Amino acid sequence: MASVPEDKERSQIGIPDARGMPTFAWQTTSSMLADAVKLTMPPSHILPIVFVPGIMGSDLASTEGDEVWVLNKTAGAPLGLAMMWAKRGSGTRQKVLHPKRTQVYREGAVPKKGVGTIRDKAHFLQRGWGEVSEASYHKFLLWLEQKMNGEGYDPAYWGDFSYTSVSAAPKPGEKPPPRKLYPGISMDMSGLPRVAEDNHVTAPILSDELLKRAKCRFPVYACGYNWLASNTQAAEALKERIAEVIAENNKGAYKCEQVILVTHSMGGLVARSCAQLDGMADKIAGIVHGVMPAVGAAVAYRRCKVGMREESFTAGLVIGSNGREVTAVFAQAPGALQLLPSAEYGPHWLNIKDDKGHPAPPLPNADPYTEIYLERSAWWGLVREEWLSPKDGLAIKWNEFAKNVKLAKAFHDELAGQYHAQTYVFYGGKVGDGDGYDSFEKIHWQMKRGMSPGGKAPDLAGALAYGNDQVRTDGSNKLYMGGKTEFMPDYSGYGGGHVYETSYYEISCGMQDGNGDGTVPASSGRAPRKAGGGNIKQQFKLSGFEHEPAYGDAIAQKVTHYAITKIAAIARLV
């Protein structure tokens, strides 16, 4: 009779069906294989993991069901989305990407082959994987599902963990005895940073924690949300999804009372908001936050003013290459406005210098909402009112924009200092190894003398008072204060001519001035420890990755695995 090699075992772990009964599926094999197949009953306790994506990380459709923002990948990138939006201007963006005209699209691409506790396409869709970016997240979710469910339920055989033991080696030709893990042992976790952040040492994993984790199964779900709408609405949607997930897994032979949340970027704000809803903190065993803009990000202001082209040409084609394109969506999207620096971000992050390098008093002093975001006239305010009414768009009024800013303030105030009692964090401290900066801690406007239109140029105080009607810009990173667009004809007889700008000053917005992950500055990434106190169980400062693909980094994955293990050890098991 044929058989599999001695060091291999044909086995399968059961997966609960819709009634909560363990089931096994096996492909027909040759009758020549006489080896027994080991069928393993999964643990009776279920602790689902729910992944919450960042802004723009959920697929969206129109309210009629047409795809408008679907991040399926081609050659590893969402090329279809880039092609869809690259040539669409401000008006089309405003018309289509409005929170009341969009909804979560649930039929995005999903993996073709099952993994861990997931068997087929229908199962992936049921778990919500079709709601989130295939290009950004699926590789990580596949890794997570396999890591938490595909390596068996005996922690003595989990390869990521080890400890030094003294025992007799087997005699030649003898098989080593079965492994056994005992309580009370401090474990090594391969690849885990020993220092989490500055002087904070990483607490070790204990064998008791692994033994507790081994009592659970960890099916991986995803929860998309409409990132154009307020994050309070997304929090309510997450609450509903958590209730559905618990109910789905709490039946038959299996028990489920809580979930673990793993978040990316703005998804962290959604999860924190959800945890504050009545009864939800108890249904969430713990939260892992990755690259969360805990107190906002100054780059959100910059993108409204000059777009994203200078940061990334390709991303700019999708998000908006210039300030007009970004503002058309941003101003009508409460969720996006909630990424602006909150009062917790701190004062004086908006800076303006004149042509001699003399600084104006920095802003805000205390309230960024009234001092910057709702400044209606001055050129340095968040939004140029004319950009709320782009050609071929569906214009919104200033009062509608102001209402959205007030929603952002209320959301920030409600979230300030609030973290779940079992919170783990990692953030980007630096993208690369060089000495250069990679993130925007502050915003720096620089003035320089332009081609004078005649007359006396305003001093710095006067320049700050100039209104949008006195400063020209097409949304790119060059503003002209005073003067006008001039035309010089060509007198050579060949026709044509030359267009040029006269101005007292040309104004541009500076590039990165600090470190972080390219989007979230390190000051915002590390803010949870400062405000969250004892609720922050561990916070890791990592490097070597950018914001969007953060969960593709091997160390970030290791930290996530560590945090989930720690949370599982304190989860409530029925």
# chains A, B, ... in the order shown; residues from 1 in each chain; ligands from 1
$ residues_around --residues "region 102-113 of chain A" --least-positions-apart "4" --cutoff "8 Å" --atoms "only C-alpha atoms" --output "ChimeraX atom specification"
/A:58-63,65,67,70-72,96-98,119-121,124-125,128-134,138,224-226
$ residues_around --residues "region 359-364 of chain A" --least-positions-apart "6" --cutoff "9 Å" --atoms "only C-alpha atoms" --output "list in words"
Ala343, Gly346, Pro347, His348, Trp349, Leu350, Asn351, Ile352, Lys353, Thr370, Glu371, Ile372, Leu460, Ala461 and Leu464 of chain A
$ residues_around --residues "Asp433 (chain A)" --least-positions-apart "3" --cutoff "10 Å" --atoms "only C-alpha atoms" --output "JSON, numbers by chain"
{"A": [430, 436, 543, 544]}
$ residues_around --residues "Val329 (chain A)" --least-positions-apart "6" --cutoff "10 Å" --atoms "only C-alpha atoms" --output "ChimeraX atom specification"
/A:90-99,228,304,319-320,336,388
$ closest_residue --among "A:Val499, A:Val318, A:Met148, A:Leu573" --to "Lys87 (chain A)" --atoms "only C-alpha atoms"
A:Val318
$ select_by_dssp --residues "region 243-384 of chain A" --states "strand (DSSP E)" --output "JSON, numbers by chain"
{"A": [259, 260, 261, 262, 263, 264, 284, 285, 286, 287, 288, 289, 290, 350, 351, 352, 353]}
$ write_last_selection --atoms "N, CA and C atoms" --output "short mmCIF file (atom, residue, chain, number, x, y, z; two decimals), in the first residue's frame"
data_model
loop_
_atom_site.label_atom_id
_atom_site.label_comp_id
_atom_site.auth_asym_id
_atom_site.auth_seq_id
_atom_site.Cartn_x
_atom_site.Cartn_y
_atom_site.Cartn_z
N VAL A 259 -15.15 39.93 20.50
CA VAL A 259 -14.30 39.96 19.30
C VAL A 259 -13.04 40.75 19.62
N ILE A 260 -12.04 40.58 18.77
CA ILE A 260 -10.83 41.41 18.77
C ILE A 260 -10.88 42.28 17.53
N LEU A 261 -10.60 43.56 17.67
CA LEU A 261 -10.55 44.46 16.52
C LEU A 261 -9.10 44.75 16.14
N VAL A 262 -8.80 44.67 14.85
CA VAL A 262 -7.50 45.07 14.31
C VAL A 262 -7.78 46.19 13.31
N THR A 263 -7.16 47.34 13.50
CA THR A 263 -7.52 48.51 12.69
C THR A 263 -6.33 49.05 11.91
N HIS A 264 -6.67 49.71 10.82
CA HIS A 264 -5.66 50.42 10.03
C HIS A 264 -6.07 51.88 9.90
N ILE A 284 -15.91 43.90 23.06
CA ILE A 284 -14.60 43.98 22.40
C ILE A 284 -13.55 43.56 23.42
N ALA A 285 -12.88 42.45 23.16
CA ALA A 285 -11.86 41.97 24.10
C ALA A 285 -10.65 42.89 24.11
N GLY A 286 -10.34 43.48 22.98
CA GLY A 286 -9.21 44.38 22.87
C GLY A 286 -9.08 44.89 21.45
N ILE A 287 -8.24 45.91 21.27
CA ILE A 287 -8.06 46.53 19.96
C ILE A 287 -6.58 46.67 19.65
N VAL A 288 -6.21 46.33 18.42
CA VAL A 288 -4.86 46.54 17.90
C VAL A 288 -4.93 47.66 16.88
N HIS A 289 -4.26 48.76 17.14
CA HIS A 289 -4.27 49.91 16.24
C HIS A 289 -2.97 49.97 15.45
N GLY A 290 -3.06 50.01 14.13
CA GLY A 290 -1.89 50.18 13.28
C GLY A 290 -1.93 51.52 12.59
N LEU A 350 0.54 75.53 12.04
CA LEU A 350 0.43 76.25 10.76
C LEU A 350 1.33 77.48 10.82
N ASN A 351 2.34 77.50 9.94
CA ASN A 351 3.35 78.55 9.99
C ASN A 351 3.47 79.26 8.64
N ILE A 352 3.68 80.58 8.70
CA ILE A 352 3.82 81.40 7.50
C ILE A 352 5.02 82.33 7.68
N LYS A 353 5.91 82.35 6.68
CA LYS A 353 7.06 83.25 6.73
C LYS A 353 7.07 84.16 5.51
#
$ residues_around --residues "region 184-191 of chain A" --least-positions-apart "6" --cutoff "7 Å" --atoms "only C-alpha atoms" --output "PyMOL selection string"
chain A and resi 160-163+204-208+555+558
$ atom_distance --atom1 "CA of Ala556 (chain A)" --atom2 "CA of Met292 (chain A)"
13.1 Å
$ select_by_dssp --residues "region 198-425 of chain A" --states "helix (DSSP H, G or I)" --output "number ranges by chain"
A: 207-213, 231-249, 267-275, 280-283, 299-306, 313-319, 323-330, 334-337, 343-345, 368-373, 385-388, 398-415
$ closest_residue --among "A:Ile443, A:Ala275, A:Leu394, A:Ala568" --to "Gln418 (chain A)" --atoms "only C-alpha atoms"
A:Ala275
$ residues_around --residues "Phe218 (chain A)" --least-positions-apart "3" --cutoff "7 Å" --atoms "only C-alpha atoms" --output "JSON, numbers by chain"
{"A": [46, 47, 48, 49, 148, 149]}
$ residues_around --residues "Ala297 (chain A)" --least-positions-apart "3" --cutoff "10 Å" --atoms "only C-alpha atoms" --output "MDAnalysis selection string"
chainID A and resid 292:294 300:302 338:342 345 439:442 519:525
$ closest_atom_pairs --of "region 415-463 of chain A" --to "region 467-486 of chain A" --cutoff "10 Å" --atoms "only C-alpha atoms" --output "CSV"
residue,atom,partner,partner_atom,distance
A:Met447,CA,A:Leu479,CA,9.3
A:Lys448,CA,A:Tyr480,CA,10.0
A:Arg449,CA,A:Met481,CA,9.7
A:Gly450,CA,A:Tyr480,CA,7.8
A:Met451,CA,A:Gly483,CA,8.6
A:Ser452,CA,A:Gly483,CA,7.3
A:Pro453,CA,A:Gly483,CA,5.1
A:Gly454,CA,A:Gly483,CA,8.2
A:Gly455,CA,A:Gly483,CA,9.8
A:Ala457,CA,A:Gly482,CA,8.5
A:Pro458,CA,A:Gly482,CA,9.4
A:Ala463,CA,A:Met481,CA,8.0
$ closest_residue --among "A:Tyr424, A:Phe51, A:Asp278, A:Leu269" --to "Thr565 (chain A)" --atoms "only C-alpha atoms"
A:Tyr424
$ closest_residue --among "A:Ala234, A:Ile118, A:Ala229, A:Ala135" --to "Gly80 (chain A)" --atoms "only C-alpha atoms"
A:Ala135
$ atom_distance --atom1 "CA of Gln539 (chain A)" --atom2 "CA of Tyr551 (chain A)"
15.6 Å
$ closest_residue --among "A:Arg101, A:Ser136, A:Lys541, A:Ala408" --to "Asp66 (chain A)" --atoms "only C-alpha atoms"
A:Arg101
$ atom_distance --atom1 "CA of Arg213 (chain A)" --atom2 "CA of Ala569 (chain A)"
5.8 Å
